[in-house]
Amino acid sequence: MSVGAVVTVRALRTRRGQTEVLRGIDFDVARGEVVAVIGPSGSGKTTLLRGLNYLTPFTAGEVDIAGHRLRPGLSERADAALLRAVRTRVGMVFQSFHLFPHLTALGNVTEAPYRVLGLEAGQARARAQALLQRVGLGSYAGALPHTLSGGQQQRVAIARSLAMEPVVLLLDEPTSALDPRLVGEVLNVVADLAAAGQTMLIVTHEIAFARRVAHRVLVLAGGQIVDSGTPADVLDHPRTAATRALLGKE
Amino acid sequence: MSRCRSPIGRRAVIFALISMVLAAAGACRADDALERVHARGTLRWGGDIQGGEPYAFQDPHDASRLIGFEVEIADALARRLGVRAEFVQNDWQMLIPALERGDFDVILNGLEVTPARRARVAFTRPYYAFTETLVVRRDDADTVHGLADLRGRRVGTLGNSLAFDLVSAAPELEVVLYEGVEEPYIDLEQGRLAGVVLDHIIADRYGLVRPGLHAAATVGDGVYAIAGRRDDLALMRAVDDSLAAMMRDAELRAILTRWHLWDERQTALAQAEQPTSAPVTGAGLTLAHLPIFARAAGFTVVISALAMALAVAGGLLLSLARRYGGAPLRLSASAYVEVFRGTPVLLQLYVLYYGLAPILTLPAFAAAVIGLGMNYAAYEAELYRAGLDAVPIGQAEAALALGMSRGLALRRIVLPQALRVALPGIANDFIALLKDSSLVSAITVVELTKQMTITAVDVRGWLVPGLLCAALYLALSYPLSRLARRLERRLAPVPA
């Protein structure tokens, strides 16, 4: 693992049936760094992200994350302890939120710190309330998910991940399922986190946002990283056809 | 005397309604029953072949043929009337209502002459005299010499029978009702009963053949006679005359002797005069019946609630075994669901209570709860399965991504959502279970429907007890169906 890296990915390959979705991925994410992953649909962005907490198993390579090493062929049953250790320290925000519909906003955020970290109920609730405050939903603690807008739901989902105090937060197209009017409120929350030094890996289609918030941009195409560098390097002077296509410059 | 009856349950209520309408129609019929018998060329007689040997039953060597001493009596009577005998199969418990609605001309099937029955039908002179035998276990032979020695203990008999009247009249006995003739003796052998009182024909053939059982005392006597409609005066006179002739020329004696039923009592019977049919009016349904019905309804609720609790828990285990278990567990759970869903619950109750008795002697109440619970568990398992299928995969993933174990994710995230989907179905099943609980009368538990049939005989009418019983079931199930509908409307999430 590279010094100071929270995530180290080496020669990562993933196969789904006959198709190779990821064809050898290498990159690091340093502590406090915000890395944006951009790329056309089907380029393997989501598969890459889900490989990092092993929700989608990979077929070759290795991932060092949060002080643990993931390798191919792990099993949910046999390697439950390792996977739990990783997932406890690695947050994930899904494209379609996946809030728990039977729990209130506060309940969604309280559940894991209380049940998984073993915090006292009062302590877990206080932490959850503070996080709801932080994402601008302090007064929605008692609301059930279906009464919230998509943007509000995604902010609750971010608070839910933050409640575990993750060393790295994985965001999988956090605004793609949202009404365009609601994209801004979610991106603002993510930008605040970046400013506060939260290590993040963000899969996104929001090029402008990547330019504003990310320290580094990875361009994924055909299951490989075809370009990487600072937003200025990658986005202002696109070096590959894939990047140019993404930017609509061709 | 009845031997084996299928549980009547809901049928009884419907029957009560229908028989009332037909009784009204029958009231305007003139007394031309004898003419109709002659015109038709057959004497239609009603009985229940499930009663078994020696009354009227299927020939073991030729199932298409009926044999029995009553079959021979019917043939002889018909011959003397110049017609052919035609048997009509009917549930024993329902013989009198069926007679009243005109399904057959007479009943000739171990029907005991009782004041209650005499108030409702016309009887010929008796064709057989029997005694009531108290049977106990051999180890109780020294201490039990009569019903008085069984105070506070459980005594079995058949519902609606003379034996039942006798046992009910004895003080401080716990009366247990059966549907068939084998079952009370099985329970006596197993120690679930302290004694059985039944007609000596039954006791001799079904009870005393068991080596562990012993005839303790004769506790009463009675006679079988042929019953007909009270208005069919000419027909009843003709049948009675033919029977008298059979006694005079000893044809009856020959039949009874052939079936090893002739004894000294029958000699006395031949000399006795025909009983007059003094009308006895039924007591009618009174307020005193209400607490009895309320208690029976309470019993129905308790059995249903306990069985449902068992079904809900068992169904959950089954559905989890099917989804998350290893191959052997998965297969066994699937097999369980198929077997319990694919066979009648009545059969399962019989097997559990009587079939397993030699290995596992369950009390009737426990067998009722376990039997219904195990059956419904199969249905609940399917509901849970549908519920689990309805929870999006993203829910489990979100839980795992938060570091939850698979068990925790299941318990806190997936199951509560699955349960909510399954809940309306579970409430509906509870309503179905409430009604299916009437089947447990087959294993001697007196619940609401059984109480109705008992009371119907007491008050000689099915309509009012039937309606009262129906009203009670409705009162129990209606709130549940409201709840089910509310739950369906609230399929949307509920605050945690």
# chains A, B, ... in the order shown; residues from 1 in each chain; ligands from 1

call {"tool": "interface_residues", "arguments": {"of": "chain A", "to": "chain B", "cutoff": "6 Å", "atoms": "only C-alpha atoms", "output": "list in words"}}
result
Arg84, Arg87, Thr88, His98, Pro101, His102 and Leu103 of chain A

call {"tool": "residues_around", "arguments": {"residues": "Ala242 (chain A)", "least_positions_apart": "4", "cutoff": "9 Å", "atoms": "only C-alpha atoms", "output": "PyMOL selection string"}}
result
chain A and resi 39-40+219-221+226-227+238+246-247

call {"tool": "write_last_selection", "arguments": {"atoms": "C-alpha atoms", "output": "PDB file, in the first residue's frame"}}
result
ATOM      1  CA  GLY A  39     -16.672   7.928 -18.070  1.00  0.00           C
ATOM      2  CA  PRO A  40     -19.398   6.889 -20.484  1.00  0.00           C
ATOM      3  CA  VAL A 219     -11.450   8.811 -16.852  1.00  0.00           C
ATOM      4  CA  LEU A 220     -12.736   5.285 -17.283  1.00  0.00           C
ATOM      5  CA  ALA A 221     -13.490   3.835 -20.707  1.00  0.00           C
ATOM      6  CA  VAL A 226      -7.599   6.048 -20.024  1.00  0.00           C
ATOM      7  CA  ASP A 227      -6.626   9.316 -18.394  1.00  0.00           C
ATOM      8  CA  PRO A 238      -8.503  16.460 -22.938  1.00  0.00           C
ATOM      9  CA  LEU A 246     -17.555  13.095 -22.418  1.00  0.00           C
ATOM     10  CA  LEU A 247     -16.961  16.801 -22.590  1.00  0.00           C
TER      11      LEU A 247
END

call {"tool": "residues_around", "arguments": {"residues": "Ser437 (chain B)", "least_positions_apart": "4", "cutoff": "8 Å", "atoms": "only C-alpha atoms", "output": "list in words"}}
result
Thr300, Ile303, Ser304, Leu372, Leu433 and Glu447 of chain B

call {"tool": "write_last_selection", "arguments": {"atoms": "N, CA and C atoms", "output": "mmCIF file, in the first residue's frame"}}
result
data_model
loop_
_atom_site.group_PDB
_atom_site.id
_atom_site.type_symbol
_atom_site.label_atom_id
_atom_site.label_comp_id
_atom_site.auth_asym_id
_atom_site.auth_seq_id
_atom_site.Cartn_x
_atom_site.Cartn_y
_atom_site.Cartn_z
ATOM 1 N N THR B 300 -62.724 -21.135 20.855
ATOM 2 C CA THR B 300 -62.356 -20.992 19.437
ATOM 3 C C THR B 300 -61.270 -19.929 19.274
ATOM 4 N N ILE B 303 -57.848 -21.213 20.805
ATOM 5 C CA ILE B 303 -57.211 -22.204 19.924
ATOM 6 C C ILE B 303 -56.648 -21.515 18.681
ATOM 7 N N SER B 304 -57.472 -20.638 18.091
ATOM 8 C CA SER B 304 -57.046 -19.982 16.853
ATOM 9 C C SER B 304 -55.829 -19.096 17.100
ATOM 10 N N LEU B 372 -53.334 -27.433 13.862
ATOM 11 C CA LEU B 372 -53.710 -26.270 13.059
ATOM 12 C C LEU B 372 -52.487 -25.392 12.801
ATOM 13 N N LEU B 433 -58.339 -19.422 9.599
ATOM 14 C CA LEU B 433 -58.007 -20.343 10.694
ATOM 15 C C LEU B 433 -59.123 -20.369 11.734
ATOM 16 N N GLU B 447 -65.443 -26.714 20.469
ATOM 17 C CA GLU B 447 -65.343 -25.290 20.202
ATOM 18 C C GLU B 447 -66.701 -24.790 19.723
#

call {"tool": "residues_around", "arguments": {"residues": "Arg211 (chain A)", "least_positions_apart": "5", "cutoff": "8 Å", "atoms": "only C-alpha atoms", "output": "ChimeraX atom specification"}}
result
/A:231-232,235

call {"tool": "residues_around", "arguments": {"residues": "Ala307 (chain B)", "least_positions_apart": "2", "cutoff": "7 Å", "atoms": "only C-alpha atoms", "output": "NGL selection string"}}
result
:B and (303-305 or 309-311 or 369-370 or 372-373)

call {"tool": "select_by_dssp", "arguments": {"residues": "region 184-332 of chain B", "states": "strand (DSSP E)", "output": "ChimeraX atom specification"}}
result
/B:195-199,213-228

call {"tool": "atom_distance", "arguments": {"atom1": "CA of Leu150 (chain B)", "atom2": "CA of Pro171 (chain B)"}}
result
9.5 Å
